[in-house]
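Undergrad: Pasting start-v1.txt here (compact mmCIF, C-alpha atoms):
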# COMPACT_ATOMS: atom_id res chain seq x y z
CA MET J 291 23.42 30.96 -12.64
CA GLN J 292 20.67 30.48 -10.09
CA ASN J 293 21.41 30.48 -6.38
CA PRO J 294 19.55 28.62 -3.63
CA HIS J 295 17.01 30.59 -1.58
CA VAL J 296 17.42 31.25 2.14
CA TYR J 297 14.32 31.79 4.26
CA ALA J 298 13.84 32.65 7.93
CA LEU J 299 11.45 30.05 9.38
CA SER J 300 11.38 31.56 12.87
CA ASN J 301 13.46 33.80 15.12
CA ASN J 302 16.14 31.12 15.37
CA SER J 303 15.79 28.89 12.30
CA LEU J 304 16.60 29.08 8.60
CA LEU J 305 15.68 27.04 5.54
CA PHE J 306 18.31 26.75 2.81
CA ASP J 307 16.36 25.68 -0.28
CA ALA J 308 18.08 24.36 -3.43
CA SER J 309 15.07 22.44 -4.75
CA HIS J 310 14.63 24.76 -7.75
CA LEU J 311 18.14 24.18 -9.05
CA SER J 312 18.68 21.73 -11.91
CA ALA J 313 21.47 19.17 -12.00
CA ASN J 314 22.44 16.41 -14.37
CA ASP J 315 23.39 14.22 -11.43
CA THR J 316 20.98 13.73 -8.52
CA LEU J 317 23.92 13.66 -6.12
CA SER J 318 25.66 16.85 -7.24
CA ILE J 319 23.43 19.22 -5.26
CA GLN J 320 23.14 16.76 -2.37
CA ASN J 321 26.94 16.64 -2.06
CA LYS J 322 26.97 20.41 -1.61
CA ILE J 323 24.09 20.20 0.88
CA TRP J 324 26.06 17.66 2.93
CA SER J 325 29.21 19.83 2.77
CA LEU J 326 27.25 22.88 3.90
CA ALA J 327 25.68 20.86 6.72
CA SER J 328 29.12 19.69 7.85
CA HIS J 329 30.45 23.26 7.85
CA CYS J 330 27.50 24.52 9.88
CA SER J 331 27.66 21.61 12.33
CA THR J 332 31.29 22.39 13.18
CA SER J 333 30.67 26.12 13.62
CA GLY J 334 29.19 25.74 17.10
CA SER J 335 26.32 28.09 16.23
CA PHE J 336 23.53 25.58 15.80
CA ILE J 337 21.38 23.37 18.01
CA ASP J 338 20.59 21.12 15.06
CA VAL J 339 21.36 20.88 11.35
CA VAL J 340 18.91 18.80 9.30
CA PRO J 341 19.76 17.90 5.67
CA ALA J 342 16.85 16.87 3.46
CA MET J 343 16.41 16.36 -0.28
CA ASN J 344 17.86 19.54 -1.86
CA SER J 345 17.42 21.54 1.33
CA LEU J 346 18.91 22.18 4.75
CA THR J 347 17.11 23.35 7.89
CA LEU J 348 19.23 25.06 10.54
CA TYR J 349 18.31 25.77 14.17
CA LEU J 350 20.43 28.47 15.83
CA LYS J 351 21.45 28.59 19.47
CA GLN J 352 21.12 32.38 19.53
CA GLU J 353 18.48 34.44 17.74
CA ILE J 354 20.94 37.32 17.39
CA GLU J 355 22.92 35.28 14.82
CA LEU J 356 19.99 34.82 12.44
CA ALA J 357 20.81 37.80 10.18
CA LYS J 358 24.51 36.88 10.07
CA TRP J 359 23.88 33.32 8.89
CA HIS J 360 21.13 34.44 6.53
CA GLU J 361 23.78 36.50 4.74
CA GLU J 362 26.69 34.04 4.97
CA LEU J 363 25.13 30.77 3.82
CA LEU J 364 25.15 31.60 0.10
CA GLY J 365 28.79 32.64 0.23
CA ILE J 366 29.75 29.36 1.91
CA TRP J 367 27.68 27.45 -0.68
CA ASN J 368 29.39 29.15 -3.60
CA ASN J 369 32.85 28.36 -2.20
CA ILE J 370 32.20 24.65 -1.65
CA LYS J 371 34.48 22.57 -3.86
CA PRO J 372 33.18 19.57 -5.83
CA ASN J 373 33.37 16.32 -3.84
CA GLU J 374 34.45 18.22 -0.72
CA PHE J 375 32.22 16.06 1.46
CA VAL J 376 33.92 12.86 2.68
CA ALA J 377 31.41 10.07 3.21
CA LYS J 378 31.52 7.20 5.68
CA HIS J 379 30.96 3.78 4.10
CA HIS J 380 28.91 0.99 5.69
CA LYS J 381 28.82 -2.69 4.79
CA ILE J 382 25.41 -4.06 5.76
CA LYS J 383 25.18 -7.84 6.09
CA MET J 384 21.88 -9.00 4.68
CA HIS J 385 19.72 -12.11 4.56
CA TYR J 386 17.85 -12.23 1.24
CA ASN J 387 14.74 -13.93 2.57
CA GLY J 388 12.00 -11.30 2.34
CA ALA J 389 8.32 -12.06 1.90
CA ASP J 390 8.24 -10.11 -1.38
CA LEU J 391 11.47 -11.37 -2.92
CA ASN J 392 9.63 -13.73 -5.28
CA TYR J 393 7.17 -10.99 -6.21
CA VAL J 394 9.96 -8.57 -7.16
CA ALA J 395 11.70 -11.27 -9.22
CA ASN J 396 8.49 -12.23 -11.04
CA PHE J 397 7.48 -8.59 -11.62
CA HIS J 398 10.71 -8.03 -13.55
CA ASN J 399 10.99 -11.50 -15.11
CA LEU J 400 14.20 -12.07 -13.16
CA SER J 401 15.52 -14.98 -11.13
CA ILE J 402 16.03 -14.67 -7.36
CA ASP J 403 19.78 -14.68 -7.98
CA ASP J 404 19.38 -11.83 -10.47
CA VAL J 405 17.54 -9.71 -7.90
CA ILE J 406 20.15 -10.44 -5.25
CA ASN J 407 23.04 -9.64 -7.58
CA LEU J 408 21.51 -6.42 -8.86
CA HIS J 409 20.63 -5.25 -5.34
CA SER J 410 23.94 -6.17 -3.70
CA GLU J 411 26.26 -4.99 -6.48
CA ALA J 412 25.13 -1.37 -6.16
CA ARG J 413 26.81 1.28 -4.01
CA TYR J 414 24.15 3.43 -2.37
CA ALA J 415 24.27 7.03 -1.16
CA VAL J 416 22.14 8.17 1.78
CA LEU J 417 20.11 11.10 0.46
CA PHE J 418 18.49 11.98 3.80
CA LEU J 419 16.84 10.51 6.89
CA GLY J 420 13.09 10.61 7.37
CA PHE J 421 9.79 8.79 8.00
CA LEU J 422 11.30 7.11 11.09
CA PRO J 423 14.40 7.88 13.20
CA GLY J 424 17.27 6.22 11.34
CA PHE J 425 15.28 5.50 8.17
CA ALA J 426 17.71 6.26 5.33
CA TYR J 427 16.49 7.01 1.82
CA LEU J 428 19.06 5.46 -0.51
CA ASN J 429 20.01 6.51 -4.01
CA GLY J 430 21.55 4.02 -6.43
CA LEU J 431 19.04 1.22 -6.89
CA ASN J 432 19.50 -0.50 -10.25
CA GLU J 433 16.68 0.61 -12.57
CA HIS J 434 15.89 -3.03 -13.36
CA LEU J 435 14.61 -3.32 -9.76
CA TYR J 436 12.33 -0.26 -9.75
CA THR J 437 9.07 -1.65 -8.35
CA PRO J 438 5.84 0.25 -7.60
CA ARG J 439 4.87 0.32 -3.93
CA ARG J 440 2.38 -2.22 -2.62
CA SER J 441 -1.27 -1.35 -3.29
CA GLU J 442 -2.04 -2.25 0.33
CA PRO J 443 0.64 -1.28 2.89
CA ARG J 444 1.40 -3.68 5.70
CA LEU J 445 0.36 -2.64 9.20
CA LYS J 446 3.68 -3.92 10.53
CA VAL J 447 7.02 -4.23 8.77
CA PRO J 448 9.58 -5.89 11.09
CA LYS J 449 12.64 -4.01 12.29
CA GLY J 450 15.63 -4.59 10.02
CA SER J 451 13.57 -5.30 6.91
CA VAL J 452 15.25 -4.30 3.65
CA ALA J 453 12.70 -3.23 1.07
CA ILE J 454 12.20 -1.67 -2.35
CA GLY J 455 9.71 1.11 -3.05
CA ALA J 456 9.56 2.64 -6.52
CA GLU J 457 13.10 3.86 -7.35
CA GLN J 458 14.59 3.46 -3.88
CA THR J 459 15.61 0.84 -1.38
CA ALA J 460 15.82 1.26 2.39
CA ILE J 461 16.10 -0.46 5.76
CA TYR J 462 13.34 -0.20 8.36
CA PRO J 463 15.09 0.75 11.64
CA SER J 464 12.10 -0.25 13.79
CA ASP J 465 8.75 -2.02 13.52
CA SER J 466 6.33 0.19 11.62
CA PRO J 467 3.64 0.24 8.94
CA GLY J 468 5.07 0.27 5.41
CA GLY J 469 4.16 -0.12 1.78
CA TRP J 470 7.49 -1.19 0.30
CA HIS J 471 8.32 -4.70 -0.94
CA ILE J 472 10.40 -6.63 1.60
CA ILE J 473 13.27 -8.53 -0.03
CA GLY J 474 15.31 -9.39 3.07
CA HIS J 475 16.50 -8.27 6.48
CA THR J 476 19.61 -7.23 8.36
CA ASP J 477 20.53 -7.66 12.01
CA THR J 478 22.54 -4.42 11.97
CA PRO J 479 20.98 -1.96 14.48
CA LEU J 480 20.30 1.38 12.81
CA PHE J 481 18.87 3.41 15.69
CA ASP J 482 19.47 3.46 19.44
CA ALA J 483 18.03 6.41 21.37
CA LYS J 484 20.45 5.78 24.26
CA LEU J 485 23.54 6.55 22.18
CA LYS J 486 25.10 9.99 21.79
CA LYS J 487 24.66 9.54 18.03
CA PRO J 488 21.44 7.50 17.86
CA CYS J 489 21.50 6.96 14.07
CA LEU J 490 24.18 4.64 12.69
CA ILE J 491 23.81 5.95 9.14
CA GLN J 492 23.95 9.67 8.34
CA PRO J 493 23.02 11.74 5.26
CA GLY J 494 25.85 11.59 2.75
CA ASP J 495 27.12 8.19 3.93
CA THR J 496 27.41 5.35 1.46
CA LEU J 497 26.61 1.68 1.94
CA GLU J 498 26.52 -1.67 0.26
CA PHE J 499 24.59 -4.84 1.07
CA ILE J 500 26.63 -8.00 1.69
CA PRO J 501 24.60 -11.20 1.08
CA ILE J 502 25.15 -13.73 3.86
CA SER J 503 22.20 -16.05 3.25
CA VAL J 504 19.33 -16.71 0.87
CA GLY J 505 15.96 -18.14 1.85
CA LYS J 506 14.19 -18.55 5.17
Translate the structure of the given file into structure tokens.
TA:
Amino acid sequence: MQNPHVYALSNNSLLFDASHLSANDTLSIQNKIWSLASHCSTSGSFIDVVPAMNSLTLYLKQEIELAKWHEELLGIWNNIKPNEFVAKHHKIKMHYNGADLNYVANFHNLSIDDVINLHSEARYAVLFLGFLPGFAYLNGLNEHLYTPRRSEPRLKVPKGSVAIGAEQTAIYPSDSPGGWHIIGHTDTPLFDAKLKKPCLIQPGDTLEFIPISVGK
């Protein structure tokens, strides 16, 4: 059985790479990544622990510990039990009133209600954060809503927009350019730099969208 690779990125950082491993379930490796991240975060040895898709980047407080963790990470990985990671669940209240809601419905020959039901009935897992602080890439979008990204990205997507891009859905935590199809928005704040934990949603969390209104 193949093991992940561990690389030294610098004198005080490591990359734990599981991208070459195969899995029947997209979330099986991610669950272990999140468990490993949790273990490392509670060890007190790291400045930062950054989960990504099938990888984990670790920044040590002390360079002297680099060799130790380089050796220990695989052992910890191999001892992680299935479903060891306990996720936090979020219920995101959402207005289904996005500028591209009609486009998504027409693209799939669905009604607006169909799109809303398919989108809100799913339970999503946060694969990782990226692109913007607090921008969560979500796994679990119903395949009937897979929609290619816009051919021309918008220069400004409003904060709180909920959008679909290819096989994923996500929430824009701040105003930014974006090429995903906007199907609605939420008033839930996702990022606040003044807080001790600036990002509301973390890798490994789960969430669902709760419809509270339809239309403008």
Undergrad: For CA of Gly424 in chain J and CA of Cys489 in chain J, determine how far apart the two atoms are, in Å to one decimal place.
TA: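 Calculated distance between CA of Gly424 in chain J and CA of Cys489 in chain J is 5.1 Å.
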Undergrad: Could you list, as a JSON list (two decimals) with C-alpha atoms, in the frame of the given file, every residue within 7 Å of Asn392 in chain J, counting all atoms listed in the file and ignoring same-chain residues fewer than 3 positions away?
TA:
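The result, stored in part.json:
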[["chain", "number", "residue", "atom", "x", "y", "z"],
["J", 395, "ALA", "CA", 11.70, -11.27, -9.22],
["J", 396, "ASN", "CA", 8.49, -12.23, -11.04],
["J", 402, "ILE", "CA", 16.03, -14.67, -7.36]]
Undergrad: List the spatial neighbours of Asp403 in chain J as a list of chain:residue names - criterion: any atom at most 12 Å away, only C-alpha atoms, same-chain residues fewer than 2 positions off excluded.
TA: J:Tyr386, J:Asn387, J:Leu391, J:Asn392, J:Val394, J:Ala395, J:Asn396, J:Asn399, J:Leu400, J:Ser401, J:Val405, J:Ile406, J:Asn407, J:Leu408, J:His409, J:Ser410, J:Glu411, J:Ile473, J:Pro501, J:Ser503, J:Val504, J:Gly505
Undergrad: Please, what distance in Å, to one decimal, runs between CA of Phe481 in chain J and CA of Ala377 in chain J?
TA: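 Calculated distance between CA of Phe481 in chain J and CA of Ala377 in chain J is 18.9 Å.
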Undergrad: With distances taken over all atoms listed in the file, which residue among J:Tyr462, J:Trp470, J:Tyr297, J:Tyr436 lies nearest Ala357 in chain J?
TA: J:Tyr297
Undergrad: Can you tell me how far CA of Asn373 in chain J sits from CA of Ser328 in chain J, in Å to one decimal?
TA: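 These atoms are spaced 12.9 Å apart.
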Undergrad: Give me, as a list of chain:residue names, all polymer residues having an atom no more than 10 Å from Pro463 in chain J, counting only C-alpha atoms and skipping those fewer than 5 positions away in the same chain.
TA: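 Returned residues: J:Leu422, J:Pro423, J:Gly424, J:Phe425, J:Ala426, J:Val447, J:Pro448, J:Lys449, J:Gly450, J:Ser451, J:Val452, J:Thr476, J:Thr478, J:Pro479, J:Leu480, J:Phe481, J:Asp482, J:Cys489, J:Leu490.
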Undergrad: Just checking: using all atoms listed in the file, which residue out of J:Ala342, J:Ala412, J:Ile454, J:Leu304 ends up closest to Gly494 in chain J?
TA: J:Ala342
Undergrad: What's around range 345-349 of chain J at 10 Å? Count all atoms listed in the file, leave out sequence neighbours fewer than 4 positions away in its own chain, and write the answer as a PDB file with C-alpha atoms, in the frame of the given file.
TA:
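Written file, out-v1.pdb:
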ATOM      1  CA  PRO J 294      19.550  28.620  -3.630  1.00  0.00           C
ATOM      2  CA  HIS J 295      17.010  30.590  -1.580  1.00  0.00           C
ATOM      3  CA  VAL J 296      17.420  31.250   2.140  1.00  0.00           C
ATOM      4  CA  TYR J 297      14.320  31.790   4.260  1.00  0.00           C
ATOM      5  CA  ALA J 298      13.840  32.650   7.930  1.00  0.00           C
ATOM      6  CA  LEU J 299      11.450  30.050   9.380  1.00  0.00           C
ATOM      7  CA  SER J 300      11.380  31.560  12.870  1.00  0.00           C
ATOM      8  CA  ASN J 301      13.460  33.800  15.120  1.00  0.00           C
ATOM      9  CA  ASN J 302      16.140  31.120  15.370  1.00  0.00           C
ATOM     10  CA  SER J 303      15.790  28.890  12.300  1.00  0.00           C
ATOM     11  CA  LEU J 304      16.600  29.080   8.600  1.00  0.00           C
ATOM     12  CA  LEU J 305      15.680  27.040   5.540  1.00  0.00           C
ATOM     13  CA  PHE J 306      18.310  26.750   2.810  1.00  0.00           C
ATOM     14  CA  ASP J 307      16.360  25.680  -0.280  1.00  0.00           C
ATOM     15  CA  ALA J 308      18.080  24.360  -3.430  1.00  0.00           C
ATOM     16  CA  SER J 309      15.070  22.440  -4.750  1.00  0.00           C
ATOM     17  CA  ILE J 319      23.430  19.220  -5.260  1.00  0.00           C
ATOM     18  CA  GLN J 320      23.140  16.760  -2.370  1.00  0.00           C
ATOM     19  CA  ILE J 323      24.090  20.200   0.880  1.00  0.00           C
ATOM     20  CA  TRP J 324      26.060  17.660   2.930  1.00  0.00           C
ATOM     21  CA  LEU J 326      27.250  22.880   3.900  1.00  0.00           C
ATOM     22  CA  ALA J 327      25.680  20.860   6.720  1.00  0.00           C
ATOM     23  CA  CYS J 330      27.500  24.520   9.880  1.00  0.00           C
ATOM     24  CA  SER J 331      27.660  21.610  12.330  1.00  0.00           C
ATOM     25  CA  SER J 335      26.320  28.090  16.230  1.00  0.00           C
ATOM     26  CA  PHE J 336      23.530  25.580  15.800  1.00  0.00           C
ATOM     27  CA  ILE J 337      21.380  23.370  18.010  1.00  0.00           C
ATOM     28  CA  ASP J 338      20.590  21.120  15.060  1.00  0.00           C
ATOM     29  CA  VAL J 339      21.360  20.880  11.350  1.00  0.00           C
ATOM     30  CA  VAL J 340      18.910  18.800   9.300  1.00  0.00           C
ATOM     31  CA  PRO J 341      19.760  17.900   5.670  1.00  0.00           C
ATOM     32  CA  GLU J 353      18.480  34.440  17.740  1.00  0.00           C
ATOM     33  CA  LEU J 356      19.990  34.820  12.440  1.00  0.00           C
ATOM     34  CA  TRP J 359      23.880  33.320   8.890  1.00  0.00           C
ATOM     35  CA  PHE J 418      18.490  11.980   3.800  1.00  0.00           C
TER      36      PHE J 418
END
